[in-house]
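J.: Supplied in structure tokens, the structure appears directly below.
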Amino acid sequence: MDFELKRLRPQEAASAKVDALLALVPSDFRAGDDALSVLIQGALDGEHLKADAGTTLSMYGAPRIAAPRVVLAGIGDGGGKALRKSVAVAMAELRRTPAKTLLVCVAGTGEPPSWVGAVTQAIDEACYTYETTRTKPDACKLRKITVGTQHEASARPAFAQAQAVAAGINLAREWGNRPGNHATPTLLAGAAQALAGKKSPVRCEVLGPKEVAKLGMGAFQAVARGSEEALRFIVLEYRGGPKSQPPVALIGKGITFDSGGISLKPAADMDEMKFDMSGAASVLGVFRALSDLRPKVNVVGLIPACENLPDGRAVKPGDVVTSMSGQTIEILNTDAEGRLVLCDALTYARRFKPRAMVDIATLTGACVIALGGVRSGMFSTDDALAGALEQAGNTSGDLCWRMPLDDDYAEGLKTNFADMANVAGRAAGAVTAAKFLQKFVGDTPWAHLDIAGTAWLSGKAKGSTGRPVGLLLQYLLDQQVPAEQPAGKARKKVRQ
Ligand code: BES
Ligand code: MN
Ligand code: ZN
């Protein structure tokens, strides 16, 4: 998609030579004396259009408008949430038209603050289509999108950032959407290596079964045993900050297909377990955006990738394995495999002496029950880190909700046969999974994002959402404020 940011005066939209015009209409719409304003005022007066976010009026051959197709879209208060909703609805409509070129602007004389970033990102996300394994995809016909604003110069940084974030989100969606046989651990590793080209600031190293055995990652190995596909341990590094500054480590669960293993899952909807590498995909998406944006932060990305399948060689319920940390684990349920691959990755992460570790995982069905698809579950041992993630979620619209980590929740992980079991009872399943992971983080500030409910949509709209790439990037961009700041205003911005 070709995006362009252009200075546009309110009266210029009507004469723009484009196939389609998307005019955003705020509740406090103030008409100018141009043709577009007159059209909109008439539509509002006649109650053909409301300014509520998500409502649209689509027309062809509107009087005194050069673009053959015009979509008017209410944006309510013009806030981020309203803009995203409005653009999603309008773009679903525009994607069905033959339009190749599109101009988007805010109608009337005023523009809501910082609308350009939110709208550019939402349009870019709306233009994504999954095509890889389809011979007749309903591809987006739009080729060129012009974002018109009166404040072109001040909107430029947000415009660039929005495209980078959207590219990261869309990369995560693409890898999430690819079926298990088109997104094997080896192919995921290839995607990571592709982010580390010669001109890229990203470095990538991929470890195979031999190296992983040498590291003593017995928990990760146990999960991979039942599959013919070789495991991969992917290490990504982006160093944009001061050399002395410890990195943030992102650890993404990369189960490229989760059948449950010997504790086999029921057949219904099992296909959706191709999305069980969404945490890994979000790490790839973040690095894609980092290589575009080049922010002043240091980031390490770790992805333990393998399949979880039943087989003659597969790990069995009751088997005890030794994790890289030296702690032993009784695997009571082979379907609780995410925490097994993550615990060794968390142990590995500590060698980077990170200032924070954040793991991202489609970890528990229980989290879907607790929070649904609206907010990701967030667990943290560190209040500052939790606060920063929560705020990044709010800023980006990629929401999370902090969940508890009381030690009493770990009681159920006790067993007579190992240092811990990999499952507790049914109660508070998302929390007990987090308590398991906590046993591997030591005193490093750590957060765990359970994205089981937010990483993909089911039903007719089945597909990856790319979450929580938006949240993670916002968090990393917020980290750029240097730690040593003179007292005063900037101090408030310093967060973990
Ligand atoms: N990948 C699943 C979690 C999951 C299930 C995500 C459904 C989204 C939708 C994970 O590996 C898993 O199977 N978890 C088990 C844990 C249980 C055995 C303690 C679960 O949630 O049922
Ligand atoms: Mn599982
Ligand atoms: Zn899983």
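In the structure tokens, the first chain shown is A, the next is B, and so on; residue numbers restart at 1 for each chain, and ligands run from 1 in the order shown.
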Skip A:Leu477 itself and residues of its chain fewer than 3 positions away, then list as a PyMOL selection string all residues within 10 Å of it, counting only C-alpha atoms.
T.: chain A and resi 290+293-297+392+472-474+480-481
J.: Next, write the just-selected residues to a file, as a short mmCIF file (atom, residue, chain, number, x, y, z; two decimals), in the first residue's frame, keeping all heavy atoms as the atom set.
T.:
data_model
loop_
_atom_site.label_atom_id
_atom_site.label_comp_id
_atom_site.auth_asym_id
_atom_site.auth_seq_id
_atom_site.Cartn_x
_atom_site.Cartn_y
_atom_site.Cartn_z
N LEU A 290 10.34 -2.19 14.80
CA LEU A 290 11.57 -1.60 15.35
C LEU A 290 12.57 -1.29 14.23
O LEU A 290 13.25 -0.27 14.25
CB LEU A 290 12.23 -2.56 16.36
CG LEU A 290 11.51 -2.77 17.69
CD1 LEU A 290 12.25 -3.82 18.53
CD2 LEU A 290 11.39 -1.46 18.47
N LEU A 293 11.30 1.92 12.66
CA LEU A 293 11.22 3.12 13.51
C LEU A 293 12.55 3.48 14.16
O LEU A 293 12.79 4.63 14.49
CB LEU A 293 10.17 2.91 14.61
CG LEU A 293 8.72 2.91 14.16
CD1 LEU A 293 7.82 2.43 15.29
CD2 LEU A 293 8.30 4.30 13.70
N ARG A 294 13.37 2.47 14.37
CA ARG A 294 14.67 2.64 15.02
C ARG A 294 14.63 3.49 16.29
O ARG A 294 15.39 4.47 16.42
CB ARG A 294 15.70 3.20 14.03
CG ARG A 294 15.70 2.35 12.78
CD ARG A 294 16.92 2.55 11.94
NE ARG A 294 16.85 1.62 10.80
CZ ARG A 294 17.89 1.16 10.16
NH1 ARG A 294 19.10 1.52 10.52
NH2 ARG A 294 17.75 0.33 9.14
N PRO A 295 13.80 3.14 17.25
CA PRO A 295 13.75 3.91 18.49
C PRO A 295 14.98 3.65 19.34
O PRO A 295 15.70 2.66 19.14
CB PRO A 295 12.50 3.36 19.20
CG PRO A 295 12.37 1.97 18.69
CD PRO A 295 12.88 2.00 17.26
N LYS A 296 15.22 4.56 20.30
CA LYS A 296 16.41 4.46 21.16
C LYS A 296 16.13 3.53 22.34
O LYS A 296 16.02 3.96 23.49
CB LYS A 296 16.80 5.84 21.66
CG LYS A 296 17.30 6.75 20.55
CD LYS A 296 17.79 8.07 21.13
CE LYS A 296 18.43 8.96 20.09
NZ LYS A 296 17.50 9.41 19.05
N VAL A 297 15.99 2.25 22.05
CA VAL A 297 15.82 1.23 23.09
C VAL A 297 16.59 -0.01 22.68
O VAL A 297 16.89 -0.20 21.49
CB VAL A 297 14.34 0.81 23.31
CG1 VAL A 297 13.57 1.86 24.08
CG2 VAL A 297 13.67 0.50 21.98
N ALA A 392 0.42 1.70 28.14
CA ALA A 392 0.69 1.48 26.71
C ALA A 392 -0.55 0.88 26.04
O ALA A 392 -0.87 1.20 24.90
CB ALA A 392 1.88 0.56 26.53
N LEU A 472 2.77 -3.58 22.80
CA LEU A 472 4.21 -3.78 23.03
C LEU A 472 5.03 -2.65 22.41
O LEU A 472 5.98 -2.14 23.02
CB LEU A 472 4.66 -5.12 22.46
CG LEU A 472 4.10 -6.37 23.16
CD1 LEU A 472 4.38 -7.62 22.33
CD2 LEU A 472 4.68 -6.51 24.57
N LEU A 473 4.67 -2.23 21.20
CA LEU A 473 5.43 -1.15 20.55
C LEU A 473 5.26 0.15 21.31
O LEU A 473 6.23 0.88 21.51
CB LEU A 473 4.98 -1.00 19.10
CG LEU A 473 5.57 -2.04 18.16
CD1 LEU A 473 4.89 -1.97 16.81
CD2 LEU A 473 7.08 -1.82 18.02
N GLN A 474 4.04 0.43 21.74
CA GLN A 474 3.82 1.65 22.52
C GLN A 474 4.67 1.62 23.79
O GLN A 474 5.31 2.60 24.15
CB GLN A 474 2.33 1.78 22.87
CG GLN A 474 1.98 3.11 23.52
CD GLN A 474 2.28 4.28 22.58
OE1 GLN A 474 1.83 4.30 21.44
NE2 GLN A 474 3.05 5.25 23.06
N GLN A 480 11.91 5.12 25.65
CA GLN A 480 13.03 5.89 25.09
C GLN A 480 13.50 7.02 25.98
O GLN A 480 14.63 7.45 25.87
CB GLN A 480 12.63 6.49 23.75
CG GLN A 480 12.44 5.45 22.69
CD GLN A 480 12.09 6.07 21.38
OE1 GLN A 480 12.95 6.32 20.56
NE2 GLN A 480 10.82 6.35 21.18
N VAL A 481 12.62 7.51 26.88
CA VAL A 481 13.03 8.59 27.77
C VAL A 481 14.18 8.08 28.63
O VAL A 481 14.05 7.05 29.29
CB VAL A 481 11.86 9.01 28.68
CG1 VAL A 481 12.27 10.17 29.56
CG2 VAL A 481 10.64 9.34 27.85
#
J.: Name the residues, by chain letter and number, that sit within 6 Å of ligand 1 using only C-alpha atoms and all ligand atoms, and give them as a ChimeraX atom specification.
T.: /A:260,276,333,335-338,362-366,423,452
J.: Let's see if you can do this: from backbone DSSP, list all helix (DSSP H, G or I) residues in stretch 275-403 of chain A, as JSON, numbers by chain.
T.: {"A": [275, 276, 277, 278, 279, 280, 281, 282, 283, 284, 285, 286, 287, 288, 289, 290, 291, 292, 293, 338, 339, 340, 341, 342, 343, 344, 345, 346, 347, 348, 349, 350, 351, 352, 365, 366, 367, 368, 369, 370, 371, 383, 384, 385, 386, 387, 388, 389, 390, 391, 392, 393, 394, 395, 396]}
J.: Find the distance between atom CA of A:His448 and atom CA of A:Gly326 and write it in Å to one decimal.
T.: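 Going from atom CA of A:His448 over to atom CA of A:Gly326, I get 21.5 Å.
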J.: If we count only C-alpha atoms and set the cut-off at 7 Å, which residues sit around A:Ile360, ignoring sequence neighbours fewer than 5 positions away in its own chain? Please answer as an MDAnalysis selection string.
T.: chainID A and resid 251:253 279 448:451
J.: Could you save the residues just selected, with C-alpha atoms, as a PDB file, in the first residue's frame?
T.:
ATOM      1  CA  ILE A 251       9.505 -13.890  24.884  1.00  0.00           C
ATOM      2  CA  GLY A 252       6.814 -15.233  22.542  1.00  0.00           C
ATOM      3  CA  LYS A 253       5.176 -18.658  22.785  1.00  0.00           C
ATOM      4  CA  GLY A 279       2.919 -14.719  20.914  1.00  0.00           C
ATOM      5  CA  HIS A 448       3.224 -12.144  31.397  1.00  0.00           C
ATOM      6  CA  LEU A 449       0.571 -11.337  28.798  1.00  0.00           C
ATOM      7  CA  ASP A 450      -2.000 -14.097  28.300  1.00  0.00           C
ATOM      8  CA  ILE A 451      -3.384 -13.352  24.834  1.00  0.00           C
TER       9      ILE A 451
END
J.: Quick one: of A:Thr120, A:Thr415, A:Ser464, A:Ser259, who's nearest to A:Ala281, counting only C-alpha atoms?
T.: A:Ser464
J.: Please measure the separation of atom CA of A:Asp33 and atom CA of A:Thr149, giving the value in Å to one decimal.
T.: 17.5 Å
